[in-house]
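Participant: I'm passing along query.txt; it holds compact mmCIF, C-alpha atoms (C1' of nucleotides).
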# COMPACT_ATOMS: atom_id res chain seq x y z
CA MET D 1 118.24 -155.44 244.80
CA ALA D 2 116.25 -153.70 247.47
CA ARG D 3 117.27 -151.26 250.11
CA ALA D 4 114.33 -150.20 252.23
CA ILE D 5 115.95 -146.92 253.16
CA ALA D 6 113.48 -144.50 251.70
CA ARG D 7 110.05 -143.83 253.05
CA ARG D 8 107.56 -141.88 251.04
CA ASP D 9 107.57 -138.96 253.45
CA ASP D 10 111.33 -138.64 253.27
CA LEU D 11 111.08 -138.09 249.54
CA LEU D 12 108.72 -135.14 249.75
CA PRO D 13 111.27 -132.46 250.68
CA VAL D 14 113.56 -133.53 247.84
CA LEU D 15 110.64 -133.61 245.43
CA ALA D 16 109.49 -130.20 246.62
CA GLU D 17 112.90 -128.68 246.04
CA THR D 18 113.13 -130.25 242.61
CA PHE D 19 109.74 -128.88 241.56
CA ARG D 20 110.61 -125.50 243.00
CA GLU D 21 113.82 -125.32 241.01
CA HIS D 22 112.58 -126.72 237.73
CA GLY D 23 108.81 -126.33 237.68
CA TYR D 24 106.32 -129.00 236.72
CA GLU D 25 107.36 -129.46 233.11
CA GLY D 26 111.03 -128.90 233.79
CA ALA D 27 111.29 -131.52 236.53
CA SER D 28 111.69 -134.61 234.39
CA LEU D 29 111.48 -138.10 235.81
CA SER D 30 115.16 -138.68 235.19
CA LEU D 31 115.93 -135.46 237.04
CA ILE D 32 113.71 -136.55 239.89
CA ALA D 33 115.33 -139.98 239.87
CA THR D 34 118.76 -138.38 240.16
CA ALA D 35 117.66 -135.98 242.89
CA THR D 36 116.04 -138.67 244.99
CA GLY D 37 118.57 -141.37 244.17
CA LEU D 38 115.74 -143.71 243.28
CA GLY D 39 114.92 -145.51 240.06
CA LYS D 40 111.67 -145.05 238.26
CA GLY D 41 110.43 -148.32 239.68
CA SER D 42 110.70 -147.02 243.21
CA LEU D 43 109.20 -143.67 242.33
CA TYR D 44 106.17 -145.28 240.73
CA HIS D 45 105.90 -147.63 243.66
CA PHE D 46 105.45 -144.69 246.01
CA PHE D 47 103.56 -142.50 243.55
CA PRO D 48 101.58 -144.69 241.13
CA GLY D 49 100.05 -141.56 239.65
CA GLY D 50 103.40 -140.29 238.43
CA LYS D 51 104.44 -136.67 238.48
CA ALA D 52 100.94 -135.39 239.10
CA GLU D 53 100.66 -137.46 242.27
CA MET D 54 104.10 -136.32 243.36
CA VAL D 55 103.09 -132.68 243.04
CA GLU D 56 99.83 -133.28 244.87
CA ALA D 57 101.73 -134.98 247.69
CA VAL D 58 104.22 -132.14 247.87
CA LEU D 59 101.44 -129.54 247.89
CA ALA D 60 99.66 -131.45 250.63
CA GLU D 61 102.78 -131.42 252.74
CA ILE D 62 103.32 -127.73 252.12
CA GLU D 63 99.75 -127.02 253.14
CA ALA D 64 100.19 -129.12 256.27
CA TRP D 65 103.40 -127.29 257.10
CA PHE D 66 101.77 -123.89 256.75
CA GLU D 67 98.69 -125.08 258.58
CA ALA D 68 100.80 -126.09 261.58
CA ARG D 69 103.25 -123.19 261.59
CA VAL D 70 101.29 -120.29 260.16
CA PHE D 71 97.55 -120.73 259.73
CA ALA D 72 96.76 -122.43 263.04
CA PRO D 73 98.84 -119.99 265.11
CA LEU D 74 97.10 -117.09 263.40
CA ARG D 75 93.71 -118.57 264.25
CA GLN D 76 94.38 -119.64 267.79
CA ALA D 77 96.89 -117.21 269.19
CA ASP D 78 96.04 -115.47 272.44
CA ASP D 79 98.10 -112.55 271.18
CA PRO D 80 97.08 -112.07 267.53
CA ALA D 81 99.52 -109.22 266.95
CA ALA D 82 102.40 -111.39 268.08
CA ALA D 83 101.19 -114.25 265.88
CA ILE D 84 101.16 -111.95 262.88
CA ALA D 85 104.66 -110.77 263.65
CA ALA D 86 105.77 -114.39 264.01
CA MET D 87 104.22 -115.17 260.64
CA PHE D 88 106.54 -112.73 258.92
CA THR D 89 109.58 -114.26 260.57
CA THR D 90 108.49 -117.79 259.70
CA VAL D 91 107.71 -116.91 256.12
CA SER D 92 110.95 -115.03 255.59
CA ASP D 93 112.88 -118.02 256.83
CA TYR D 94 110.82 -120.40 254.75
CA PHE D 95 111.39 -118.49 251.51
CA ARG D 96 115.03 -117.88 252.39
CA SER D 97 114.64 -114.16 251.78
CA GLY D 98 113.22 -114.76 248.35
CA ARG D 99 115.96 -117.09 247.21
CA ARG D 100 113.54 -119.95 247.50
CA VAL D 101 110.54 -119.88 245.19
CA CYS D 102 107.01 -120.37 246.51
CA LEU D 103 105.96 -123.55 244.73
CA VAL D 104 102.28 -122.72 245.09
CA GLY D 105 102.78 -119.29 243.57
CA ALA D 106 105.00 -120.59 240.78
CA LEU D 107 102.50 -123.28 239.86
CA SER D 108 99.74 -120.68 239.87
CA LEU D 109 101.54 -118.80 237.13
CA SER D 110 102.35 -121.92 235.11
CA ASP D 111 100.22 -123.97 232.78
CA ALA D 112 99.98 -126.59 235.52
CA ARG D 113 97.61 -124.24 237.33
CA ASP D 114 94.44 -125.77 235.95
CA ARG D 115 95.53 -129.26 236.90
CA PHE D 116 96.00 -128.33 240.56
CA ALA D 117 93.58 -125.42 240.68
CA GLU D 118 91.65 -126.41 243.77
CA THR D 119 94.75 -127.16 245.84
CA LEU D 120 96.39 -123.88 244.86
CA ARG D 121 93.23 -121.93 245.57
CA ARG D 122 92.77 -123.48 248.97
CA TYR D 123 96.32 -122.69 250.09
CA PHE D 124 95.92 -118.99 249.49
CA ALA D 125 92.31 -118.92 250.69
CA LEU D 126 93.30 -120.52 253.99
CA TRP D 127 96.14 -118.07 254.42
CA VAL D 128 94.02 -115.00 253.68
CA GLU D 129 91.25 -116.28 255.93
CA ALA D 130 93.49 -117.02 258.88
CA LEU D 131 95.29 -113.72 258.53
CA THR D 132 92.04 -111.80 258.23
CA GLY D 133 90.82 -113.29 261.50
CA ALA D 134 94.03 -112.43 263.29
CA LEU D 135 93.97 -108.87 261.99
CA VAL D 136 90.42 -108.40 263.24
CA ARG D 137 91.20 -109.82 266.64
CA ALA D 138 94.24 -107.58 266.78
CA GLY D 139 91.93 -104.63 266.46
CA HIS D 140 91.70 -103.92 262.75
CA PRO D 141 88.29 -102.86 261.49
CA PRO D 142 86.57 -105.90 259.97
CA GLU D 143 85.57 -104.04 256.80
CA GLY D 144 89.14 -103.65 255.64
CA ALA D 145 90.71 -106.73 257.19
CA THR D 146 90.30 -109.10 254.24
CA ALA D 147 91.67 -106.49 251.87
CA LEU D 148 94.68 -105.96 254.09
CA ALA D 149 95.22 -109.70 254.38
CA GLU D 150 95.14 -110.05 250.60
CA ASP D 151 97.56 -107.15 250.27
CA ILE D 152 99.96 -108.89 252.62
CA VAL D 153 99.73 -112.40 251.17
CA GLY D 154 99.92 -111.04 247.64
CA GLY D 155 102.70 -108.72 248.68
CA ILE D 156 104.76 -111.64 249.90
CA GLN D 157 104.30 -113.43 246.61
CA GLY D 158 105.28 -110.35 244.69
CA ALA D 159 108.32 -109.93 246.90
CA VAL D 160 109.51 -113.38 245.85
CA VAL D 161 109.09 -112.52 242.18
CA LEU D 162 110.80 -109.16 242.47
CA ALA D 163 113.68 -110.33 244.64
CA ARG D 164 114.38 -113.21 242.29
CA ALA D 165 114.23 -111.11 239.16
CA LEU D 166 116.39 -108.35 240.62
CA ASP D 167 118.60 -110.93 242.32
CA ARG D 168 118.37 -108.90 245.50
CA PRO D 169 117.31 -110.88 248.58
CA GLU D 170 117.44 -107.73 250.66
CA THR D 171 114.52 -106.40 248.61
CA PHE D 172 112.46 -109.35 249.81
CA ASP D 173 113.29 -108.64 253.44
CA ARG D 174 112.60 -104.94 253.03
CA ILE D 175 109.17 -105.54 251.53
CA LEU D 176 108.32 -107.95 254.32
CA VAL D 177 109.29 -105.40 256.92
CA CYS D 178 107.04 -102.91 255.21
CA LEU D 179 104.13 -105.34 255.08
CA ARG D 180 104.64 -106.18 258.74
CA GLU D 181 104.45 -102.50 259.51
CA ARG D 182 101.15 -102.21 257.69
CA SER D 183 99.76 -105.10 259.73
CA ARG D 184 100.31 -103.12 262.91
CA LEU D 185 97.60 -100.80 264.10
CA THR D 186 97.94 -97.22 262.96
CA ALA D 187 95.70 -94.21 263.27
CA GLY D 188 94.73 -94.46 259.60
CA ALA D 189 94.03 -98.19 259.41
CA MET G 1 104.77 -123.43 198.83
CA ALA G 2 105.43 -119.99 200.16
CA ARG G 3 103.09 -117.37 201.43
CA ALA G 4 105.01 -114.31 202.57
CA ILE G 5 102.20 -113.21 204.81
CA ALA G 6 103.98 -113.28 208.11
CA ARG G 7 106.54 -110.81 209.22
CA ARG G 8 108.64 -111.50 212.22
CA ASP G 9 107.05 -108.70 214.22
CA ASP G 10 103.58 -110.06 213.57
CA LEU G 11 104.56 -113.32 215.22
CA LEU G 12 105.65 -111.78 218.50
CA PRO G 13 102.19 -111.24 220.04
CA VAL G 14 101.22 -114.82 219.27
CA LEU G 15 104.50 -116.12 220.64
CA ALA G 16 104.10 -113.97 223.73
CA GLU G 17 100.65 -115.33 224.42
CA THR G 18 101.84 -118.89 223.89
CA PHE G 19 104.72 -118.48 226.33
CA ARG G 20 102.42 -116.77 228.81
CA GLU G 21 99.96 -119.65 228.73
CA HIS G 22 102.40 -122.53 228.68
CA GLY G 23 105.71 -121.25 230.04
CA TYR G 24 109.09 -121.82 228.50
CA GLU G 25 109.22 -125.59 228.83
CA GLY G 26 105.54 -126.05 228.21
CA ALA G 27 105.47 -124.14 224.95
CA SER G 28 106.69 -126.85 222.60
CA LEU G 29 107.67 -126.13 219.03
CA SER G 30 104.71 -128.04 217.70
CA LEU G 31 102.44 -125.96 219.95
CA ILE G 32 104.10 -122.80 218.69
CA ALA G 33 103.78 -124.02 215.14
CA THR G 34 100.06 -124.57 215.62
CA ALA G 35 99.55 -121.22 217.34
CA THR G 36 101.39 -119.26 214.68
CA GLY G 37 100.24 -121.37 211.76
CA LEU G 38 103.81 -121.73 210.60
CA GLY G 39 105.97 -124.78 210.05
CA LYS G 40 109.20 -125.32 211.85
CA GLY G 41 111.11 -124.21 208.77
CA SER G 42 109.52 -120.79 208.88
CA LEU G 43 109.97 -120.45 212.61
CA TYR G 44 113.66 -121.24 212.37
CA HIS G 45 113.94 -118.89 209.45
CA PHE G 46 112.76 -116.01 211.63
CA PHE G 47 114.38 -117.23 214.82
CA PRO G 48 117.52 -119.22 214.00
CA GLY G 49 118.25 -119.51 217.71
CA GLY G 50 115.07 -121.47 218.33
CA LYS G 51 112.92 -121.08 221.43
CA ALA G 52 115.53 -119.10 223.32
CA GLU G 53 115.66 -116.48 220.59
CA MET G 54 111.87 -116.38 220.43
CA VAL G 55 111.65 -115.64 224.13
CA GLU G 56 114.35 -112.98 223.90
CA ALA G 57 112.48 -111.35 221.04
CA VAL G 58 109.22 -111.45 222.96
CA LEU G 59 110.85 -110.02 226.07
CA ALA G 60 112.42 -107.26 224.00
CA GLU G 61 109.04 -106.33 222.61
CA ILE G 62 107.47 -106.38 226.04
CA GLU G 63 110.20 -104.11 227.34
CA ALA G 64 109.72 -101.77 224.39
CA TRP G 65 105.98 -101.71 225.02
CA PHE G 66 106.42 -100.85 228.68
CA GLU G 67 109.13 -98.36 227.84
CA ALA G 68 106.80 -96.49 225.52
CA ARG G 69 103.60 -96.74 227.55
CA VAL G 70 104.76 -96.85 231.14
CA PHE G 71 108.42 -96.08 231.84
CA ALA G 72 108.86 -93.09 229.53
CA PRO G 73 105.61 -91.40 230.64
CA LEU G 74 106.68 -91.85 234.25
CA ARG G 75 110.02 -90.22 233.52
CA GLN G 76 108.87 -87.38 231.34
CA ALA G 77 105.41 -86.46 232.54
CA ASP G 78 104.76 -82.86 233.43
CA ASP G 79 102.26 -84.12 235.96
CA PRO G 80 103.95 -87.06 237.72
CA ALA G 81 100.94 -87.87 239.87
CA ALA G 82 98.75 -88.18 236.80
CA ALA G 83 101.36 -90.36 235.11
CA ILE G 84 101.40 -92.70 238.10
CA ALA G 85 97.62 -92.90 238.06
CA ALA G 86 97.73 -93.63 234.33
CA MET G 87 100.27 -96.38 234.97
CA PHE G 88 97.78 -98.27 237.12
CA THR G 89 95.12 -98.06 234.45
CA THR G 90 97.51 -99.16 231.72
CA VAL G 91 98.84 -102.05 233.77
CA SER G 92 95.41 -103.24 234.82
CA ASP G 93 94.34 -103.31 231.19
CA TYR G 94 97.54 -105.01 230.13
CA PHE G 95 97.21 -107.81 232.66
CA ARG G 96 93.48 -108.11 232.03
CA SER G 97 92.75 -107.83 235.74
CA GLY G 98 95.13 -110.65 236.52
CA ARG G 99 93.69 -113.05 234.00
CA ARG G 100 96.79 -112.55 231.91
CA VAL G 101 100.06 -113.66 233.39
CA CYS G 102 103.09 -111.38 233.48
CA LEU G 103 105.56 -113.28 231.34
CA VAL G 104 108.53 -111.56 232.94
CA GLY G 105 107.33 -112.47 236.41
CA ALA G 106 106.47 -116.03 235.42
CA LEU G 107 109.87 -116.58 233.86
CA SER G 108 111.50 -115.13 236.95
CA LEU G 109 109.95 -117.92 239.01
CA SER G 110 110.78 -120.65 236.51
CA ASP G 111 114.00 -122.48 235.83
CA ALA G 112 114.39 -120.37 232.68
CA ARG G 113 115.28 -117.47 234.96
CA ASP G 114 119.03 -117.99 234.74
CA ARG G 115 118.96 -118.14 230.98
CA PHE G 116 117.28 -114.74 230.67
CA ALA G 117 118.49 -113.27 233.94
CA GLU G 118 119.77 -109.96 232.65
CA THR G 119 116.66 -109.23 230.57
CA LEU G 120 114.33 -110.05 233.45
CA ARG G 121 116.37 -107.98 235.86
CA ARG G 122 116.43 -104.96 233.57
CA TYR G 123 112.66 -104.95 233.08
CA PHE G 124 111.94 -104.65 236.77
CA ALA G 125 114.89 -102.35 237.41
CA LEU G 126 113.67 -99.93 234.75
CA TRP G 127 110.18 -100.01 236.16
CA VAL G 128 111.26 -99.40 239.74
CA GLU G 129 113.62 -96.65 238.65
CA ALA G 130 111.08 -94.80 236.54
CA LEU G 131 108.43 -95.08 239.22
CA THR G 132 110.81 -93.92 241.92
CA GLY G 133 111.57 -90.78 239.93
CA ALA G 134 107.92 -90.03 239.37
CA LEU G 135 107.13 -90.53 243.05
CA VAL G 136 109.86 -88.11 244.06
CA ARG G 137 108.76 -85.50 241.55
CA ALA G 138 105.22 -85.96 242.81
CA GLY G 139 106.41 -84.92 246.21
CA HIS G 140 107.32 -88.11 247.99
CA PRO G 141 110.40 -87.94 250.20
CA PRO G 142 113.37 -89.35 248.26
CA GLU G 143 114.47 -91.61 251.14
CA GLY G 144 111.38 -93.77 250.92
CA ALA G 145 110.59 -93.46 247.23
CA THR G 146 112.52 -96.50 245.99
CA ALA G 147 111.02 -98.64 248.72
CA LEU G 148 107.53 -97.50 247.80
CA ALA G 149 108.21 -98.13 244.12
CA GLU G 150 109.38 -101.65 244.91
CA ASP G 151 106.30 -102.20 247.05
CA ILE G 152 104.10 -101.18 244.15
CA VAL G 153 105.86 -103.11 241.39
CA GLY G 154 106.13 -106.18 243.61
CA GLY G 155 102.56 -105.69 244.73
CA ILE G 156 101.35 -105.80 241.16
CA GLN G 157 103.22 -109.05 240.55
CA GLY G 158 101.79 -110.53 243.71
CA ALA G 159 98.33 -109.44 242.68
CA VAL G 160 98.68 -111.46 239.47
CA VAL G 161 99.72 -114.55 241.44
CA LEU G 162 96.97 -114.21 244.00
CA ALA G 163 94.19 -113.38 241.57
CA ARG G 164 95.11 -116.33 239.38
CA ALA G 165 95.36 -118.77 242.28
CA LEU G 166 92.11 -117.61 243.83
CA ASP G 167 90.53 -117.28 240.40
CA ARG G 168 89.25 -113.87 241.41
CA PRO G 169 90.07 -111.05 239.00
CA GLU G 170 88.37 -108.56 241.28
CA THR G 171 91.09 -109.22 243.84
CA PHE G 172 93.64 -108.00 241.30
CA ASP G 173 91.72 -104.80 240.71
CA ARG G 174 91.21 -104.23 244.43
CA ILE G 175 94.91 -104.60 245.19
CA LEU G 176 95.78 -102.20 242.38
CA VAL G 177 93.37 -99.62 243.74
CA CYS G 178 95.02 -99.98 247.12
CA LEU G 179 98.51 -99.60 245.65
CA ARG G 180 97.39 -96.55 243.70
CA GLU G 181 96.13 -95.06 246.92
CA ARG G 182 99.49 -95.59 248.56
CA SER G 183 101.18 -93.82 245.68
CA ARG G 184 99.20 -90.68 246.44
CA LEU G 185 100.56 -88.23 248.92
CA THR G 186 99.32 -88.66 252.46
CA ALA G 187 100.25 -87.01 255.69
CA GLY G 188 102.21 -90.07 256.81
CA ALA G 189 104.15 -90.74 253.62
C1' DA S 1 111.38 -172.83 255.97
C1' DA S 2 108.75 -170.85 252.88
C1' DA S 3 105.31 -167.97 251.24
C1' DA S 4 103.94 -163.17 250.99
C1' DC S 5 105.05 -158.75 250.36
C1' DA S 6 107.74 -154.26 249.93
C1' DC S 7 111.07 -152.24 247.45
C1' DT S 8 114.52 -151.69 243.81
C1' DG S 9 117.03 -150.98 239.17
C1' DT S 10 116.66 -151.34 234.43
C1' DA S 11 115.24 -152.53 229.92
C1' DC S 12 111.91 -151.09 227.17
C1' DC S 13 107.61 -148.68 225.13
C1' DG S 14 105.40 -145.22 221.98
C1' DA S 15 105.24 -140.33 221.83
C1' DT S 16 107.16 -136.14 221.66
C1' DC S 17 110.97 -133.11 222.29
C1' DG S 18 114.08 -129.28 220.00
C1' DG S 19 116.36 -128.89 216.00
C1' DT S 20 118.16 -129.79 210.99
C1' DC S 21 117.62 -130.24 206.20
C1' DC S 22 115.85 -129.58 201.88
C1' DA S 23 112.93 -129.31 197.83
C1' DT S 24 109.69 -126.13 196.58
C1' DT S 25 107.30 -121.71 195.86
C1' DC S 26 106.90 -116.91 195.93
C1' DT S 27 108.91 -112.24 195.70
C1' DT S 28 112.05 -108.97 194.17
C1' DG S 29 115.65 -106.39 191.78
C1' DA S 30 118.59 -106.28 187.87
C1' DT L 1 113.25 -112.46 181.79
C1' DC L 2 115.48 -114.64 185.01
C1' DA L 3 118.64 -115.35 188.69
C1' DA L 4 118.89 -114.56 193.77
C1' DG L 5 117.04 -114.84 197.85
C1' DA L 6 113.09 -114.89 201.19
C1' DA L 7 109.80 -117.82 202.97
C1' DT L 8 107.51 -122.24 203.47
C1' DG L 9 105.99 -127.08 204.98
C1' DG L 10 107.25 -131.30 206.24
C1' DA L 11 110.21 -135.35 206.43
C1' DC L 12 113.57 -136.61 209.30
C1' DC L 13 117.18 -136.83 213.25
C1' DG L 14 118.92 -138.41 217.80
C1' DA L 15 117.57 -137.55 222.45
C1' DT L 16 114.53 -137.53 225.93
C1' DC L 17 109.94 -137.55 227.59
C1' DG L 18 106.44 -139.97 231.02
C1' DG L 19 105.22 -144.36 231.92
C1' DT L 20 105.16 -149.77 232.09
C1' DA L 21 106.85 -154.39 232.89
C1' DC L 22 109.40 -157.31 235.27
C1' DA L 23 112.87 -159.98 237.39
C1' DG L 24 115.45 -159.69 241.32
C1' DT L 25 116.46 -158.68 246.31
C1' DG L 26 115.34 -157.68 250.98
C1' DT L 27 112.14 -158.01 254.86
C1' DT L 28 108.13 -159.83 257.30
C1' DT L 29 104.75 -162.99 258.36
C1' DT L 30 103.25 -167.48 258.93
Rewrite the coordinates I just gave you, this time as structure tokens.
Facilitator:
Amino acid sequence: MARAIARRDDLLPVLAETFREHGYEGASLSLIATATGLGKGSLYHFFPGGKAEMVEAVLAEIEAWFEARVFAPLRQADDPAAAIAAMFTTVSDYFRSGRRVCLVGALSLSDARDRFAETLRRYFALWVEALTGALVRAGHPPEGATALAEDIVGGIQGAVVLARALDRPETFDRILVCLRERSRLTAGA
Amino acid sequence: MARAIARRDDLLPVLAETFREHGYEGASLSLIATATGLGKGSLYHFFPGGKAEMVEAVLAEIEAWFEARVFAPLRQADDPAAAIAAMFTTVSDYFRSGRRVCLVGALSLSDARDRFAETLRRYFALWVEALTGALVRAGHPPEGATALAEDIVGGIQGAVVLARALDRPETFDRILVCLRERSRLTAGA
DNA sequence: AAAACACTGTACCGATCGGTCCATTCTTGA
DNA sequence: TCAAGAATGGACCGATCGGTACAGTGTTTT
């Protein structure tokens, strides 16, 4: 009985969604098996380290995704202001207006944080760093750029929490619009 | 073997801290038993509904705490601006500069959200509502007050996430200072 | 053709899960 | 004084947990 349909990479999106919906503890192996349509044997073939390795793989893919679509554009864009604006659109799509949880943020609040501490830290550090650079190149004063970048990245995370708790996706979008506004150059900033 | 030391109310802070540190799934009954120093028999005596009832009780106490220390002052203060400033101090203390997770926010991101949906929703709704009122009475234009209140409440939640992920409590404090600044009246707002 | 290897489902493992039950002990009011 | 009830710890329950072992099937290489 072997059907070589699945490749490891194809599993990652399903795994990611499962961990997003159920968390680290809540995503049991049987749940994962059902979601992926694979038996435990196959799962442990691809991820000998079990759930921990699955999460690490998922986090690595998430980081790669953001690196390609968000961080790198922020760093390299000829037009930093446009790159920042694009970031908000990309992120809003990615989080489905707050209906989709940020796995990195959710893990950061859970007891699994310590286990994946370095990976979680790096994700947010890279984001803040890339955004800070773009803000500066867009004309923001360097002294306040990191603070503003942290406000924005943190604000996005908070928007996910709030929109989910209130069950109001439009709140997510509204907060993102407001954050985008703050990223634009004003007399005060 | 009976020592009538514990009253139900005395258990709530311990339960709250346990759920904060381990989440709903992660806080097993044996863990709770160890943390409280009570056997399962006693726990089920106080909370016949098991873990779910424990969480509901904890959430009720949290809401009562915020009602007394945050929401009510925001609603009733003679000096709304001072009440808003006090809110930031209270909240910063409560969350220990981001070292302590917001249980309501953490549950909102977890798969336990649906189970406690109404309680989670009400907590944030009450907060946003009370803050909106205070902002208006402090002189903010009513059209933008709810949006600003959502920015602030969401911003606080995001600050917890970010500070925990980055392992930098000072980031939490810095974001709160920035939010407090935005709550003050400026020419633009 | 056949050996090597990748992949698969499942039976099974000990541990732990949430929850029940109950004998016992302490407290309290009559 | 003593029955009633609150509170307690722990044995116990079936279910499920994460993880292992393995025999079987498909594909690839030789």
Participant: What's around L:DG9 at 12 Å? Count all atoms listed in the file, leave out sequence neighbours fewer than 6 positions away in its own chain, and write the answer as a ChimeraX atom specification.
Facilitator: /G:1-3,33,37-43 /S:22-25
Participant: Only residues of chain G matter here; which ones have an atom within 7 Å of chain D, counting only C-alpha atoms? Give them as a compact mmCIF listing (two decimals) with C-alpha atoms, in the coordinates of the input.
Facilitator:
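This is the output file result-v2.txt:
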# COMPACT_ATOMS: atom_id res chain seq x y z
CA GLU G 21 99.96 -119.65 228.73
CA HIS G 22 102.40 -122.53 228.68
CA GLY G 23 105.71 -121.25 230.04
CA GLU G 25 109.22 -125.59 228.83
CA GLY G 26 105.54 -126.05 228.21
CA VAL G 101 100.06 -113.66 233.39
CA GLY G 105 107.33 -112.47 236.41
CA ALA G 106 106.47 -116.03 235.42
CA SER G 108 111.50 -115.13 236.95
CA LEU G 109 109.95 -117.92 239.01
CA SER G 110 110.78 -120.65 236.51
CA ASP G 111 114.00 -122.48 235.83
CA LEU G 120 114.33 -110.05 233.45
CA ARG G 121 116.37 -107.98 235.86
CA PHE G 124 111.94 -104.65 236.77
CA ALA G 125 114.89 -102.35 237.41
CA ASP G 151 106.30 -102.20 247.05
CA GLY G 154 106.13 -106.18 243.61
CA GLY G 155 102.56 -105.69 244.73
CA ILE G 156 101.35 -105.80 241.16
CA GLN G 157 103.22 -109.05 240.55
CA GLY G 158 101.79 -110.53 243.71
CA ALA G 159 98.33 -109.44 242.68
CA VAL G 161 99.72 -114.55 241.44
CA LEU G 162 96.97 -114.21 244.00
CA ARG G 164 95.11 -116.33 239.38
CA ALA G 165 95.36 -118.77 242.28
CA LEU G 166 92.11 -117.61 243.83
CA ILE G 175 94.91 -104.60 245.19
Participant: What are the nearest atom pairs, with distances in Å to one decimal, for all residues of chain L that come at most 8 Å from chain D, using only C-alpha atoms (C1' of nucleotides), set out by chain and rising residue number as CSV?
Facilitator:
residue,atom,partner,partner_atom,distance
L:DC17,C1',D:Ser28,CA,7.6
L:DG18,C1',D:Leu29,CA,7.2
L:DG19,C1',D:Gly50,CA,7.9
L:DG24,C1',D:Met1,CA,6.2
L:DT25,C1',D:Met1,CA,4.0
L:DG26,C1',D:Ala2,CA,5.4
Participant: Kindly provide, as a ChimeraX atom specification, the residues of chain S having any atom no farther than 9 Å from an atom of chain G, counting only C-alpha atoms (C1' of nucleotides).
Facilitator: /S:17-19,24-27
Participant: One decimal, Å: what's the distance from atom CA of D:Val177 over to atom CA of G:Val136, could you say?
Facilitator: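 Going from atom CA of D:Val177 over to atom CA of G:Val136 covers 21.6 Å.
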Participant: As lines of an AutoDock Vina configuration file, please: the centre and edge lengths in Å, to one decimal, of an axis-aligned box enclosing every listed atom of stretch 8-27 of chain L with 5 Å added on each side.
Facilitator:
center_x = 112.0
center_y = -141.1
center_z = 229.2
size_x = 23.8
size_y = 47.7
size_z = 61.4
Participant: Report the distance between atom CA of D:Arg137 and atom CA of D:Asp93 in Å, rounded to one decimal place.
Facilitator: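 It comes out at 25.2 Å.
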